[in-house]
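Data from work.pdb: PDB, C-alpha atoms, pLDDT in the B column
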ATOM      1  CA  MET A1207      10.414  26.302 -19.977  1.00 95.00           C
ATOM      2  CA  TYR A1208      10.322  23.354 -17.605  1.00 98.00           C
ATOM      3  CA  THR A1209       9.119  19.952 -18.761  1.00 98.00           C
ATOM      4  CA  LEU A1210       7.458  17.858 -16.056  1.00 98.00           C
ATOM      5  CA  TYR A1211       7.138  14.115 -16.624  1.00 98.00           C
ATOM      6  CA  ILE A1212       4.333  12.542 -14.616  1.00 98.00           C
ATOM      7  CA  GLY A1213       2.427   9.275 -14.319  1.00 97.00           C
ATOM      8  CA  ASN A1214      -1.334   8.733 -14.405  1.00 97.00           C
ATOM      9  CA  LYS A1215      -3.188  11.554 -12.682  1.00 98.00           C
ATOM     10  CA  ASN A1216      -5.611   9.063 -11.199  1.00 98.00           C
ATOM     11  CA  TYR A1217      -2.879   7.184  -9.313  1.00 98.00           C
ATOM     12  CA  SER A1218       0.327   9.191  -9.056  1.00 98.00           C
ATOM     13  CA  SER A1219       0.380  11.104  -5.782  1.00 98.00           C
ATOM     14  CA  TRP A1220       4.076  11.903  -6.196  1.00 98.00           C
ATOM     15  CA  SER A1221       3.434  13.442  -9.630  1.00 98.00           C
ATOM     16  CA  LEU A1222       0.641  15.588  -8.222  1.00 98.00           C
ATOM     17  CA  ARG A1223       2.896  17.410  -5.771  1.00 98.00           C
ATOM     18  CA  PRO A1224       5.156  19.380  -8.159  1.00 98.00           C
ATOM     19  CA  TRP A1225       2.400  19.626 -10.776  1.00 99.00           C
ATOM     20  CA  VAL A1226      -0.098  21.322  -8.468  1.00 99.00           C
ATOM     21  CA  LEU A1227       2.559  23.626  -7.026  1.00 98.00           C
ATOM     22  CA  LEU A1228       3.671  24.814 -10.460  1.00 98.00           C
ATOM     23  CA  ARG A1229       0.074  25.373 -11.496  1.00 98.00           C
ATOM     24  CA  ALA A1230      -0.904  27.129  -8.265  1.00 98.00           C
ATOM     25  CA  LEU A1231       2.060  29.501  -8.535  1.00 98.00           C
ATOM     26  CA  ASP A1232       1.536  30.121 -12.278  1.00 98.00           C
ATOM     27  CA  ILE A1233       4.994  28.814 -13.149  1.00 98.00           C
ATOM     28  CA  PRO A1234       4.974  27.790 -16.834  1.00 98.00           C
ATOM     29  CA  PHE A1235       5.780  24.179 -17.689  1.00 98.00           C
ATOM     30  CA  GLU A1236       5.057  21.548 -20.307  1.00 98.00           C
ATOM     31  CA  GLU A1237       3.363  18.415 -19.027  1.00 98.00           C
ATOM     32  CA  ARG A1238       4.339  14.998 -20.377  1.00 98.00           C
ATOM     33  CA  LEU A1239       2.198  12.186 -19.029  1.00 98.00           C
ATOM     34  CA  VAL A1240       3.566   8.663 -19.443  1.00 96.00           C
ATOM     35  CA  PRO A1241       0.953   6.099 -18.328  1.00 95.00           C
ATOM     36  CA  PHE A1242       1.882   3.233 -16.044  1.00 94.00           C
ATOM     37  CA  GLU A1243       2.095  -0.163 -17.723  1.00 88.00           C
ATOM     38  CA  GLU A1244       2.151  -3.477 -15.897  1.00 81.00           C
ATOM     39  CA  GLY A1245       5.726  -4.607 -15.283  1.00 74.00           C
ATOM     40  CA  ALA A1246       7.318  -2.170 -17.736  1.00 72.00           C
ATOM     41  CA  ASN A1247       7.501   1.168 -15.973  1.00 81.00           C
ATOM     42  CA  TRP A1248      11.104   1.274 -14.792  1.00 77.00           C
ATOM     43  CA  LYS A1249      12.669   0.727 -18.222  1.00 83.00           C
ATOM     44  CA  ARG A1250      10.275   3.150 -19.928  1.00 88.00           C
ATOM     45  CA  PHE A1251      10.676   5.853 -17.302  1.00 94.00           C
ATOM     46  CA  ARG A1252      14.474   5.533 -17.472  1.00 93.00           C
ATOM     47  CA  ASP A1253      14.249   7.269 -20.845  1.00 94.00           C
ATOM     48  CA  PHE A1254      13.676  10.538 -18.991  1.00 96.00           C
ATOM     49  CA  SER A1255      14.268   9.828 -15.287  1.00 96.00           C
ATOM     50  CA  GLN A1256      17.522   8.472 -13.873  1.00 95.00           C
ATOM     51  CA  SER A1257      15.665   6.788 -11.016  1.00 96.00           C
ATOM     52  CA  GLY A1258      13.145   5.179 -13.362  1.00 94.00           C
ATOM     53  CA  LEU A1259      10.385   6.886 -11.369  1.00 95.00           C
ATOM     54  CA  VAL A1260       8.021   9.819 -11.764  1.00 97.00           C
ATOM     55  CA  PRO A1261       7.891  12.746 -11.384  1.00 98.00           C
ATOM     56  CA  CYS A1262      10.957  14.104 -13.149  1.00 98.00           C
ATOM     57  CA  LEU A1263      11.553  17.740 -14.098  1.00 98.00           C
ATOM     58  CA  HIS A1264      13.690  18.736 -17.065  1.00 98.00           C
ATOM     59  CA  ASP A1265      15.127  22.232 -17.313  1.00 98.00           C
ATOM     60  CA  GLY A1266      17.114  22.260 -20.503  1.00 97.00           C
ATOM     61  CA  ALA A1267      19.913  19.736 -20.022  1.00 97.00           C
ATOM     62  CA  THR A1268      19.262  19.477 -16.271  1.00 98.00           C
ATOM     63  CA  ALA A1269      17.065  16.654 -14.992  1.00 98.00           C
ATOM     64  CA  VAL A1270      15.716  16.667 -11.432  1.00 98.00           C
ATOM     65  CA  TRP A1271      13.995  13.559 -10.085  1.00 97.00           C
ATOM     66  CA  ASP A1272      12.164  13.038  -6.787  1.00 97.00           C
ATOM     67  CA  SER A1273       9.308  15.346  -5.849  1.00 98.00           C
ATOM     68  CA  LEU A1274      11.133  17.081  -2.986  1.00 98.00           C
ATOM     69  CA  ALA A1275      14.237  17.700  -5.076  1.00 98.00           C
ATOM     70  CA  ILE A1276      12.011  19.208  -7.771  1.00 98.00           C
ATOM     71  CA  ILE A1277      10.342  21.522  -5.254  1.00 98.00           C
ATOM     72  CA  GLU A1278      13.707  22.733  -3.921  1.00 98.00           C
ATOM     73  CA  TYR A1279      15.084  23.228  -7.442  1.00 98.00           C
ATOM     74  CA  VAL A1280      12.081  25.312  -8.458  1.00 98.00           C
ATOM     75  CA  ALA A1281      12.308  27.304  -5.217  1.00 98.00           C
ATOM     76  CA  GLU A1282      15.791  28.510  -6.181  1.00 98.00           C
ATOM     77  CA  ALA A1283      14.340  30.388  -9.154  1.00 98.00           C
ATOM     78  CA  HIS A1284      10.782  31.242  -8.092  1.00 98.00           C
ATOM     79  CA  PRO A1285       9.534  33.053  -4.983  1.00 96.00           C
ATOM     80  CA  GLY A1286       6.512  31.683  -3.164  1.00 98.00           C
ATOM     81  CA  VAL A1287       7.398  27.998  -3.111  1.00 98.00           C
ATOM     82  CA  TRP A1288       8.204  28.384   0.590  1.00 98.00           C
ATOM     83  CA  PRO A1289       6.708  30.963   2.998  1.00 98.00           C
ATOM     84  CA  GLY A1290       8.535  34.270   3.287  1.00 97.00           C
ATOM     85  CA  ASP A1291       8.515  34.220   7.086  1.00 97.00           C
ATOM     86  CA  ARG A1292      11.505  32.277   8.448  1.00 97.00           C
ATOM     87  CA  ALA A1293       9.607  30.492  11.228  1.00 97.00           C
ATOM     88  CA  ALA A1294       6.757  29.543   8.888  1.00 98.00           C
ATOM     89  CA  ARG A1295       9.301  28.364   6.336  1.00 98.00           C
ATOM     90  CA  ALA A1296      11.000  26.135   8.915  1.00 98.00           C
ATOM     91  CA  TRP A1297       7.644  24.632   9.885  1.00 98.00           C
ATOM     92  CA  ALA A1298       6.649  24.103   6.247  1.00 98.00           C
ATOM     93  CA  ARG A1299       9.930  22.373   5.421  1.00 98.00           C
ATOM     94  CA  SER A1300       9.553  20.133   8.465  1.00 98.00           C
ATOM     95  CA  VAL A1301       6.056  18.913   7.596  1.00 98.00           C
ATOM     96  CA  VAL A1302       6.969  18.482   3.922  1.00 98.00           C
ATOM     97  CA  CYS A1303       9.914  16.281   4.870  1.00 98.00           C
ATOM     98  CA  GLU A1304       7.737  14.384   7.345  1.00 98.00           C
ATOM     99  CA  MET A1305       5.213  13.638   4.604  1.00 98.00           C
ATOM    100  CA  HIS A1306       7.955  12.763   2.138  1.00 98.00           C
ATOM    101  CA  SER A1307       9.496  10.153   4.434  1.00 97.00           C
ATOM    102  CA  GLY A1308       6.555   8.870   6.460  1.00 98.00           C
ATOM    103  CA  PHE A1309       2.835   8.081   6.627  1.00 98.00           C
ATOM    104  CA  PHE A1310       3.376   4.521   5.422  1.00 98.00           C
ATOM    105  CA  ALA A1311       0.061   3.183   6.694  1.00 98.00           C
ATOM    106  CA  LEU A1312      -1.864   5.952   4.953  1.00 98.00           C
ATOM    107  CA  ARG A1313      -0.027   5.258   1.695  1.00 97.00           C
ATOM    108  CA  SER A1314      -0.511   1.482   1.804  1.00 97.00           C
ATOM    109  CA  HIS A1315      -4.081   1.339   3.146  1.00 97.00           C
ATOM    110  CA  CYS A1316      -5.373   4.244   1.040  1.00 98.00           C
ATOM    111  CA  PRO A1317      -3.496   4.351  -2.290  1.00 97.00           C
ATOM    112  CA  MET A1318      -4.421   7.385  -4.344  1.00 98.00           C
ATOM    113  CA  ASN A1319      -7.182   6.655  -6.822  1.00 98.00           C
ATOM    114  CA  CYS A1320      -8.986   9.918  -7.517  1.00 98.00           C
ATOM    115  CA  GLY A1321     -11.882   8.445  -9.438  1.00 98.00           C
ATOM    116  CA  ILE A1322     -13.216   5.887  -6.992  1.00 98.00           C
ATOM    117  CA  ARG A1323     -15.121   5.938  -3.757  1.00 98.00           C
ATOM    118  CA  ALA A1324     -14.147   3.082  -1.463  1.00 98.00           C
ATOM    119  CA  GLU A1325     -15.025   1.655   1.909  1.00 97.00           C
ATOM    120  CA  LEU A1326     -12.136   0.506   4.097  1.00 97.00           C
ATOM    121  CA  ALA A1327     -12.520  -2.855   5.810  1.00 96.00           C
ATOM    122  CA  ARG A1328     -11.146  -1.285   8.980  1.00 95.00           C
ATOM    123  CA  ILE A1329      -8.950   1.524  10.235  1.00 97.00           C
ATOM    124  CA  ASP A1330      -6.178  -0.149  12.196  1.00 97.00           C
ATOM    125  CA  LYS A1331      -3.909   1.409  14.800  1.00 98.00           C
ATOM    126  CA  ALA A1332      -1.194   2.441  12.332  1.00 98.00           C
ATOM    127  CA  LEU A1333      -3.613   4.138   9.947  1.00 98.00           C
ATOM    128  CA  ARG A1334      -5.420   5.830  12.831  1.00 98.00           C
ATOM    129  CA  ARG A1335      -2.079   7.181  14.046  1.00 98.00           C
ATOM    130  CA  ASP A1336      -1.265   8.566  10.585  1.00 98.00           C
ATOM    131  CA  LEU A1337      -4.689  10.207  10.296  1.00 98.00           C
ATOM    132  CA  HIS A1338      -4.307  11.724  13.750  1.00 98.00           C
ATOM    133  CA  ARG A1339      -0.951  13.182  12.732  1.00 98.00           C
ATOM    134  CA  VAL A1340      -2.391  14.621   9.500  1.00 98.00           C
ATOM    135  CA  ASP A1341      -5.185  16.219  11.504  1.00 98.00           C
ATOM    136  CA  GLU A1342      -2.635  17.568  13.985  1.00 98.00           C
ATOM    137  CA  ILE A1343      -0.385  19.062  11.291  1.00 98.00           C
ATOM    138  CA  TRP A1344      -3.238  20.674   9.397  1.00 98.00           C
ATOM    139  CA  THR A1345      -4.814  22.125  12.531  1.00 98.00           C
ATOM    140  CA  GLU A1346      -1.483  23.432  13.828  1.00 98.00           C
ATOM    141  CA  GLY A1347      -0.624  25.029  10.505  1.00 98.00           C
ATOM    142  CA  LEU A1348      -3.960  26.755  10.107  1.00 98.00           C
ATOM    143  CA  LEU A1349      -4.020  28.052  13.684  1.00 98.00           C
ATOM    144  CA  SER A1350      -0.363  29.099  13.808  1.00 98.00           C
ATOM    145  CA  HIS A1351      -0.168  30.782  10.410  1.00 98.00           C
ATOM    146  CA  GLY A1352      -3.676  32.137  10.014  1.00 97.00           C
ATOM    147  CA  GLY A1353      -4.795  30.175   6.951  1.00 97.00           C
ATOM    148  CA  PRO A1354      -6.439  29.638   4.607  1.00 98.00           C
ATOM    149  CA  TYR A1355      -3.425  27.503   3.638  1.00 98.00           C
ATOM    150  CA  LEU A1356      -1.104  25.535   5.885  1.00 98.00           C
ATOM    151  CA  ALA A1357       1.674  28.098   6.113  1.00 98.00           C
ATOM    152  CA  GLY A1358      -0.322  31.286   5.659  1.00 98.00           C
ATOM    153  CA  ARG A1359      -2.315  33.178   3.090  1.00 98.00           C
ATOM    154  CA  THR A1360      -0.818  31.612  -0.034  1.00 98.00           C
ATOM    155  CA  PHE A1361      -0.456  28.103  -1.454  1.00 98.00           C
ATOM    156  CA  THR A1362       3.058  26.744  -0.839  1.00 98.00           C
ATOM    157  CA  ALA A1363       4.993  23.494  -0.985  1.00 98.00           C
ATOM    158  CA  ALA A1364       3.364  22.440   2.287  1.00 98.00           C
ATOM    159  CA  ASP A1365      -0.066  22.416   0.633  1.00 98.00           C
ATOM    160  CA  ALA A1366       1.301  20.691  -2.465  1.00 98.00           C
ATOM    161  CA  PHE A1367       2.759  17.837  -0.438  1.00 98.00           C
ATOM    162  CA  PHE A1368      -0.493  17.214   1.416  1.00 98.00           C
ATOM    163  CA  ALA A1369      -2.691  17.635  -1.679  1.00 98.00           C
ATOM    164  CA  PRO A1370      -2.819  13.846  -2.310  1.00 98.00           C
ATOM    165  CA  VAL A1371      -4.177  13.365   1.204  1.00 98.00           C
ATOM    166  CA  ALA A1372      -7.165  15.531   0.283  1.00 98.00           C
ATOM    167  CA  PHE A1373      -7.903  13.197  -2.637  1.00 98.00           C
ATOM    168  CA  ARG A1374      -7.498  10.196  -0.341  1.00 98.00           C
ATOM    169  CA  ALA A1375      -9.899  11.741   2.178  1.00 98.00           C
ATOM    170  CA  GLN A1376     -12.445  12.143  -0.606  1.00 98.00           C
ATOM    171  CA  SER A1377     -11.976   8.656  -2.055  1.00 98.00           C
ATOM    172  CA  TYR A1378     -12.053   6.760   1.250  1.00 98.00           C
ATOM    173  CA  GLY A1379     -14.213   9.020   3.420  1.00 98.00           C
ATOM    174  CA  LEU A1380     -11.384   9.353   5.939  1.00 98.00           C
ATOM    175  CA  PRO A1381     -12.329  10.663   9.381  1.00 97.00           C
ATOM    176  CA  LEU A1382     -10.863  14.115  10.037  1.00 97.00           C
ATOM    177  CA  GLY A1383     -11.612  16.822  12.553  1.00 97.00           C
ATOM    178  CA  GLU A1384     -13.750  19.791  11.561  1.00 97.00           C
ATOM    179  CA  ARG A1385     -10.881  22.176  10.838  1.00 97.00           C
ATOM    180  CA  ALA A1386      -8.877  19.567   8.930  1.00 98.00           C
ATOM    181  CA  GLY A1387     -11.957  18.472   6.988  1.00 98.00           C
ATOM    182  CA  ASP A1388     -12.643  22.054   5.951  1.00 98.00           C
ATOM    183  CA  TYR A1389      -9.052  22.402   4.790  1.00 98.00           C
ATOM    184  CA  ALA A1390      -9.287  19.189   2.725  1.00 98.00           C
ATOM    185  CA  ARG A1391     -12.393  20.524   1.002  1.00 98.00           C
ATOM    186  CA  ARG A1392     -10.659  23.854   0.387  1.00 98.00           C
ATOM    187  CA  LEU A1393      -7.760  22.053  -1.285  1.00 98.00           C
ATOM    188  CA  LEU A1394     -10.131  20.023  -3.453  1.00 98.00           C
ATOM    189  CA  GLU A1395     -11.820  23.246  -4.581  1.00 98.00           C
ATOM    190  CA  HIS A1396      -8.552  24.856  -5.693  1.00 98.00           C
ATOM    191  CA  PRO A1397      -8.645  25.402  -9.493  1.00 98.00           C
ATOM    192  CA  ALA A1398      -5.438  23.440 -10.040  1.00 98.00           C
ATOM    193  CA  MET A1399      -6.785  20.513  -8.024  1.00 98.00           C
ATOM    194  CA  GLN A1400     -10.064  20.657  -9.946  1.00 98.00           C
ATOM    195  CA  ASP A1401      -8.152  20.491 -13.249  1.00 98.00           C
ATOM    196  CA  TRP A1402      -6.130  17.499 -12.046  1.00 98.00           C
ATOM    197  CA  TYR A1403      -9.261  15.727 -10.846  1.00 98.00           C
ATOM    198  CA  ALA A1404     -11.143  16.282 -14.113  1.00 98.00           C
ATOM    199  CA  ALA A1405      -8.208  14.903 -16.088  1.00 98.00           C
ATOM    200  CA  ALA A1406      -7.925  11.911 -13.732  1.00 98.00           C
ATOM    201  CA  LEU A1407     -11.586  11.027 -14.246  1.00 98.00           C
ATOM    202  CA  ALA A1408     -11.156  11.251 -18.021  1.00 98.00           C
ATOM    203  CA  GLU A1409      -8.182   8.888 -18.206  1.00 97.00           C
ATOM    204  CA  PRO A1410      -9.020   5.625 -20.014  1.00 94.00           C
ATOM    205  CA  TRP A1411      -6.193   3.587 -18.477  1.00 93.00           C
ATOM    206  CA  ARG A1412      -6.407   0.951 -15.772  1.00 94.00           C
ATOM    207  CA  GLU A1413      -3.232  -0.510 -14.280  1.00 92.00           C
ATOM    208  CA  ALA A1414      -3.724  -3.817 -12.513  1.00 92.00           C
ATOM    209  CA  HIS A1415      -1.264  -3.273  -9.662  1.00 91.00           C
ATOM    210  CA  HIS A1416      -2.762   0.064  -8.626  1.00 93.00           C
ATOM    211  CA  GLU A1417      -6.284  -1.292  -8.885  1.00 94.00           C
ATOM    212  CA  ALA A1418      -5.419  -4.351  -6.776  1.00 94.00           C
ATOM    213  CA  GLU A1419      -3.968  -2.187  -3.993  1.00 93.00           C
ATOM    214  CA  ILE A1420      -7.459  -0.970  -3.119  1.00 93.00           C
ATOM    215  CA  THR A1421      -8.960  -4.425  -2.676  1.00 92.00           C
ATOM    216  CA  GLU A1422      -6.254  -5.363  -0.144  1.00 93.00           C
ATOM    217  CA  HIS A1423      -7.815  -3.064   2.441  1.00 94.00           C
ATOM    218  CA  GLY A1424     -11.394  -2.436   1.332  1.00 95.00           C
ATOM    219  CA  ARG A1425     -13.859  -2.426  -1.516  1.00 96.00           C
ATOM    220  CA  VAL A1426     -14.843  -0.003  -4.254  1.00 97.00           C
ATOM    221  CA  ILE A1427     -18.410   1.226  -3.860  1.00 97.00           C
ATOM    222  CA  GLU A1428     -18.446   3.696  -6.768  1.00 97.00           C
ATOM    223  CA  ASP A1429     -16.267   4.276  -9.841  1.00 97.00           C
ATOM    224  CA  LEU A1430     -16.611   7.747 -11.364  1.00 98.00           C
ATOM    225  CA  ARG A1431     -13.975   7.302 -14.044  1.00 97.00           C
ATOM    226  CA  ARG A1432     -14.426   7.187 -17.773  1.00 92.00           C
ATOM    227  CA  PRO A1433     -14.953   3.525 -18.722  1.00 91.00           C
ATOM    228  CA  PRO A1434     -11.878   1.848 -20.241  1.00 85.00           C
ATOM    229  CA  PRO A1435     -12.028   1.150 -23.983  1.00 77.00           C
ATOM    230  CA  THR A1436     -13.522  -2.174 -25.000  1.00 73.00           C
ATOM    231  CA  ARG A1437     -11.356  -4.596 -26.911  1.00 64.00           C
TER     232      ARG A1437
END
Write-out of the structure in structure tokens:
Amino acid sequence: MYTLYIGNKNYSSWSLRPWVLLRALDIPFEERLVPFEEGANWKRFRDFSQSGLVPCLHDGATAVWDSLAIIEYVAEAHPGVWPGDRAARAWARSVVCEMHSGFFALRSHCPMNCGIRAELARIDKALRRDLHRVDEIWTEGLLSHGGPYLAGRTFTAADAFFAPVAFRAQSYGLPLGERAGDYARRLLEHPAMQDWYAAALAEPWREAHHEAEITEHGRVIEDLRRPPPTR
């Protein structure tokens, strides 16, 4: 059985991607969550991840780090990770790689924090461009492949890679077109996403760096998370 090492569910968008795909496709795995700690993550994560980052998948003696590498490794042994249709598969791989290597304004202005609701100070040109491209990709996928998911009737790697954007849309009230907004809500209603969200809200940890990222671009207006333990 696979072992998947992840960071906090509230913060770790990269961890969410392989986790939600494995869950959505009913691929068995053992989850090992290692919480972020201020200034100490790299050395701690090096115990199981050669890059010192999460996520990292272990399959016996084989370790696979980086979310895209994990997806491709799993795809070699399990059908359904990518669409069966060749053209749909090419499209799905393209948008997954685009998400993996881009959308820097979206990442920096709207860091994933599942349990909060925040108000952005402004949506600048770079963030607006990223949101337009998300809307464009989602709309194209749904129209070209028939939905309800991005590359067709079933949940694939394309949906897994954009799953953190659905949480960001919820947390920051991001403006999306009607079709894209419906898709974001559909992702949030997926049972695997609901399980991740419930666990994120229940986490007691707060990590200062991730919390401070939000205040750089806006303000928290509601915190739905379990309160941290008192000292």
- Task: Using the chain letters and numbers from the file, give me the residues hit by the PyMOL selection byres ((chain A and resi 1355) around 12), as a ChimeraX atom specification.
- Result: /A:1289,1294,1298,1343-1354,1356-1366,1368-1369,1385-1386,1388-1393,1396
- Name the residues in contact with Tyr1403 of chain A at a cut-off of 9 Å, using all atoms listed in the file, excluding same-chain residues fewer than 2 positions from it; report them as a count of residues only. 14
- Select, from A:His1338, A:Arg1323, A:Arg1252, A:His1416, the residue with the minimum atom-to-atom distance to Glu1428 of chain A, counting all atoms listed in the file. A:Arg1323
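Every protein, DNA or RNA residue with an atom at most 6 Å from segment 1375-1383 of chain A, where only C-alpha atoms count and chain neighbours fewer than 4 positions away do not, is listed here: Ile1322, Arg1323, Ala1324, Glu1325 and Gly1387 of chain A.
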- Which is closest to Gly1308 of chain A among A:Tyr1211, A:Trp1225, A:Phe1235, A:Phe1367, if we use all atoms listed in the file?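 The answer is A:Phe1367, which sits nearest to Gly1308 of chain A.
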- Computed gap from atom CA of Asp1232 of chain A to atom CA of Ser1300 of chain A is 24.4 Å
- For each of A:Glu1236, A:Ala1311, A:Val1371, A:Trp1288, take the minimum atom-to-atom distance to Arg1335 of chain A, counting only C-alpha atoms, then give the residue where this is smallest.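 Nearest candidate to Arg1335 of chain A out of A:Glu1236, A:Ala1311, A:Val1371, A:Trp1288: A:Ala1311.
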